[in-house]
Amino acid sequence: MGPEVANRNKDSTFYGDYVGRDNITVNIVMFQESEREFVVTHNANIKPVAYFTGRETELQDLRQRIAEGRKSVLVSGMGGIGKTHICRKLFEEYLREHTEEQNGPFRYIGYIEYDRDMDSSLQNCLKFKQQENPEYNSEAAWRELEHLASNGELLLFFDNVNVSIGEDEGLKRLMSIPGAIVLTSRRREFSKEFEPYRIGFLSTEKCRELYEKIRFETSRKTVTEKEVPVLEYIIDTLAARHTITVEFLAHLAKTKHWTVQKLRDKLEEKSFRLEYRDEEDKLVNIQGSYEILYDMSSLTETERSILEAFSIFPYIPLSAATCSEWLFADAGVSEEEDILTGLYQKGWLQFDEEQDSYALHPVFARFIYDKCKPQLGNHLELIEACRKRLDVLKSSSLSECQKYIPFAESMIIKLDMENNVVQAKFISALIFLLYYVAEYKKAEALCEKSLRIQERILGEEHPDTAETYNNLAFLYKVQGEYEKAKTLYEKSLRIREKVFGEEHSDTAVSYNNLAGVYMAQREYEKAEALCEKSLRIRERVLGEENPNTATGYNNLAFVYMTQGKYTEAKALYEKCLRILEKVLGEEHLYTATTYHNLAEIYMAQEGYGKAKELYEKCLRIRKKILGEEHPDTAASYNGLAFVNETQGEYQKAVMSYFKAYSILLTMVGADHPKTCTALKNMKRVYCAWNPGGDFIRWLEEQRKN
């Protein structure tokens with residue numbers, strides 16, 4: 001499934017098609033108190049629109065609820081009347097109060113944009129300590145939230161919760177969080193634990209004020225006394241006091257330089273009218289009305305292409321730079337052209353000046369999508385650009401890749417990519433990223449759906465179908481469902497043997513993957529036989545000097561070492577090392593990893609001098625490439641400390657343990673098992689080096705220095 005990735009067992013690292021699972025720990029590493037800030041979410045720059053107006057009563061009521069620590073949900077039965085703006089206004093006010101006074105009512109505050117479910121929303125928005133094993137990030141986020149709320153001094157905003165409480169277990173867990181919480185939702189019924197607060201339409205007077213703020217933004221004019229009745233007619237009769245519609249009409253009049261009377265004439269000419277609301281206050285004809293108001297036939301092909309792309313995105317702001325990278329090639333424009341600003345000025349797009357980002361309101365997105373029915377073939381450059389952002393192995397930031405998961409998921413659905421086998425590369429990239437962030441069930445569901453389509457279109461005996469069997473098996477295996485994984489690996493192997501024959505590198509990978517299941521089930525003899533078979537094929541097909549063949553040597557060495565066959569493992573590690581030094585060079589991270597693995601063998605065979613030499617070589621490369629503050633660098637210090645301790649060089653050993661401890665303390669926190677182990681090792685060796693010495697005092701002095 002994708003490129004071969006590193007796996008760890010103790011402090012040794014092994015890379016290959018299947019090898020190993022990280023040692024499982026239930027310990028969650030938390031932030032130190034000094035690492036926490038007042039705003040506990042990444043989106044600290046949440047701002048209401050510059051033309052926010054009205055809602056003084058709602059703001060006052062909600063401030064009172066917040067002061068009492070109540071849980072509220074803002075409901076309206078429809079979108080576009082200001083729930084999000086109200087939340088953003090409150091967030092801004094409490095943030096400003098804290099900044100100015102430093103003693104506001106809350107110790108922490110956060111703004112979370114709800115996306116898919118509560119678990120993923122917390123992981124995307126909340127600041128928490130990323131775990132060494134991504135599988136525990138969800139629980140780490142919840143633990144951080146529970147800690148922040150433990151003293152009742154936390155205020156949280158959750159925007160656009162679009163599911164019922166019964167559809168998301170995380171919402172039920174949220175009910176137990178103490179402190180004030182404000183949610184927004186279109187659902188009239190939510191939960192008795194969250195008190196509903198109904199948001200109504202702005203008054204005609206407030207709508208007029210809103211219109212004037214937008215229409216006369218730069219000049220600060222107001223409508224004339226003569227124009228007031230005409231504008232009130234537009235607001236009451238034509239726009240039905242629907243907040244976002246009033247905003248859009250103001251933008252339209254501003255762009256077209258229309259007077260109020262001209263705006264009315266144009267609206268009536270197009271028979272624009274949001275005519276009535278049903279018993280749930282829903283504007284029944286809003287989509288049709290928007291369609292006649294915002295006539296897409298007046299758009300250029302370039303503008304149409306841009307808006308089509310936005311209509312397949314989730315309602316999440318996208319930076320201007322990313323918009324240019326993703327959208328301009330398909331639209332046939334250069335980065336110098338200011339098309340996004342033009343669409344904003346015409347009222348189509350929303351723009352956030354502080355974040356320099358654009359978004360398309362869901363009301364517009366829906367009617368553009370329904371009207372244009374975006375075709376996959378018109379957005380191929382967008383698909384490829386997004387795919388590159390999902391490539392976690394080529395990215396320097398997992399959290400950066402993670403931001404684009406909602407975009408990829410929406411694109412797959414709205415461009416019907418699930419039924420297009422040509423886009424398997426894009427879907428595979430998303431599946432791999434979901435695996436990497438431990439969203440196993442989502443990755444599994446997407447993989448299963450992709451498999452059904454391939455089976456239908458390509459047939460069960462197609463190599464691409466075999467690859468998807470392989471990927472789905474991999475997801476089963478990492479979740480411990482070994483029998484399911486074995487069945488699919490065997491199915492993939494049969495296809496590859498039939499299509500490619502035994503003497504093919506893909507077939508060799510299948511043998512190797514199947515061996516991984518046997519290793520997980522401790523059936524070492526079967527795993528060994530398959531690893532040997534895989535290696536022989538690679539040697540014949542790829543040659544001994546190929547890095548993939550070196551991987552085969554590495555994996556078989558791991559099987560040998562697990563069984564205590566150190567002599568056989570040593571010979572293979574040395575062979576692997578010779579290939580990597582020749583092909584990748586001595587300064588490559590994979591080469592450094594093999595130095596480390598080989599050092600483990602020498603330690604097991606009491607070859608301490610050689611082990612020390614290899615640990616030092618590995619440490620030098622890792623410090624050069626990864627830097628001092630990296631867990632792999634800490635592992636090298638730890639290995640070097642162990643060999644020094646074994647040789648009785650206690651002063652050198654205690655200093656190496658201290659360096660490993662310092663790195664781990666910074667990277668994973670004081671409570672992590674590896675940090676605790678490094679501390680115990682350091683104390684043990686310190687006592688051997690300086691019997692009767694004050695270890696705590698010595699440690700404090702070292703940390704100061």
# chains A, B, ... in the order shown; residues from 1 in each chain; ligands from 1
$ select_by_dssp --residues "stretch 406-553 of chain A" --states "helix (DSSP H, G or I)" --output "PyMOL selection string"
chain A and resi 406-414+417-419+421-436+440-457+463-478+482-499+505-520+524-541+547-553
$ residues_around --residues "A:Leu202" --least-positions-apart "4" --cutoff "10 Å" --atoms "only C-alpha atoms" --output "MDAnalysis selection string"
chainID A and resid 53:55 81:82 206:208 210 240:243
$ residues_around --residues "A:Tyr657" --least-positions-apart "2" --cutoff "9 Å" --atoms "only C-alpha atoms" --output "list in words"
Ala634, Tyr637, Asn638, Gly639, Leu640, Ala641, Phe642, Lys652, Ala653, Val654, Met655, Lys659, Ala660, Tyr661, Ser662, Ala678, Leu679, Asn681, Met682 and Val685 of chain A
$ closest_atom_pairs --of "stretch 175-275 of chain A" --to "stretch 344-367 of chain A" --cutoff "7 Å" --atoms "only C-alpha atoms" --output "Markdown table"
| residue | atom | partner | partner_atom | distance |
| --- | --- | --- | --- | --- |
| A:Phe248 | CA | A:Gly347 | CA | 5.8 |
| A:His251 | CA | A:Gly347 | CA | 5.1 |
| A:Leu252 | CA | A:Gly347 | CA | 5.9 |
| A:Thr255 | CA | A:Lys346 | CA | 5.5 |
$ select_by_dssp --residues "stretch 80-267 of chain A" --states "strand (DSSP E)" --output "NGL selection string"
:A and (108-113 or 154-159 or 180-185 or 195-198)
$ atom_distance --atom1 "atom CA of A:Ala321" --atom2 "atom CA of A:Glu336"
11.7 Å
$ residues_around --residues "A:Val421" --least-positions-apart "3" --cutoff "9 Å" --atoms "only C-alpha atoms" --output "VMD selection string"
chain A and resid 417 to 418 424 to 425 450 453 to 454 457 to 458
$ residues_around --residues "stretch 325-329 of chain A" --least-positions-apart "3" --cutoff "6 Å" --atoms "only C-alpha atoms" --output "ChimeraX atom specification"
/A:322,332-333,382,385
$ residues_around --residues "stretch 31-33 of chain A" --least-positions-apart "2" --cutoff "7 Å" --atoms "only C-alpha atoms" --output "count of residues only"
5
$ atom_distance --atom1 "atom CA of A:His588" --atom2 "atom CA of A:Ile621"
7.5 Å
$ atom_distance --atom1 "atom CA of A:Ile405" --atom2 "atom CA of A:Gln479"
21.0 Å
$ residues_around --residues "A:Pro374" --least-positions-apart "3" --cutoff "12 Å" --atoms "only C-alpha atoms" --output "CSV table (one decimal) with C-alpha atoms, in the first residue's frame"
chain,number,residue,atom,x,y,z
A,304,ARG,CA,-17.8,29.5,-14.4
A,305,SER,CA,-15.0,27.0,-14.0
A,306,ILE,CA,-13.8,28.6,-10.8
A,307,LEU,CA,-17.3,28.6,-9.3
A,308,GLU,CA,-17.9,25.0,-10.4
A,309,ALA,CA,-14.8,24.0,-8.5
A,310,PHE,CA,-15.9,25.8,-5.3
A,311,SER,CA,-19.3,24.1,-5.6
A,312,ILE,CA,-17.7,20.7,-5.1
A,313,PHE,CA,-15.7,21.9,-2.0
A,365,ALA,CA,-22.8,26.2,-3.9
A,366,ARG,CA,-26.0,24.1,-4.1
A,367,PHE,CA,-27.6,26.0,-6.9
A,368,ILE,CA,-24.3,26.3,-8.9
A,369,TYR,CA,-23.7,22.5,-8.5
A,370,ASP,CA,-27.3,21.7,-9.5
A,371,LYS,CA,-27.2,24.1,-12.4
A,377,GLY,CA,-13.0,15.8,-17.0
A,378,ASN,CA,-13.2,19.6,-16.5
A,379,HIS,CA,-11.3,19.5,-13.2
A,380,LEU,CA,-8.4,17.1,-13.8
A,411,MET,CA,-14.6,15.9,-4.5
A,413,ILE,CA,-18.6,12.2,-4.0
A,414,LYS,CA,-19.5,15.3,-6.0
A,415,LEU,CA,-17.4,14.4,-9.1
A,416,ASP,CA,-18.6,10.8,-8.9
A,417,MET,CA,-15.0,9.6,-8.7
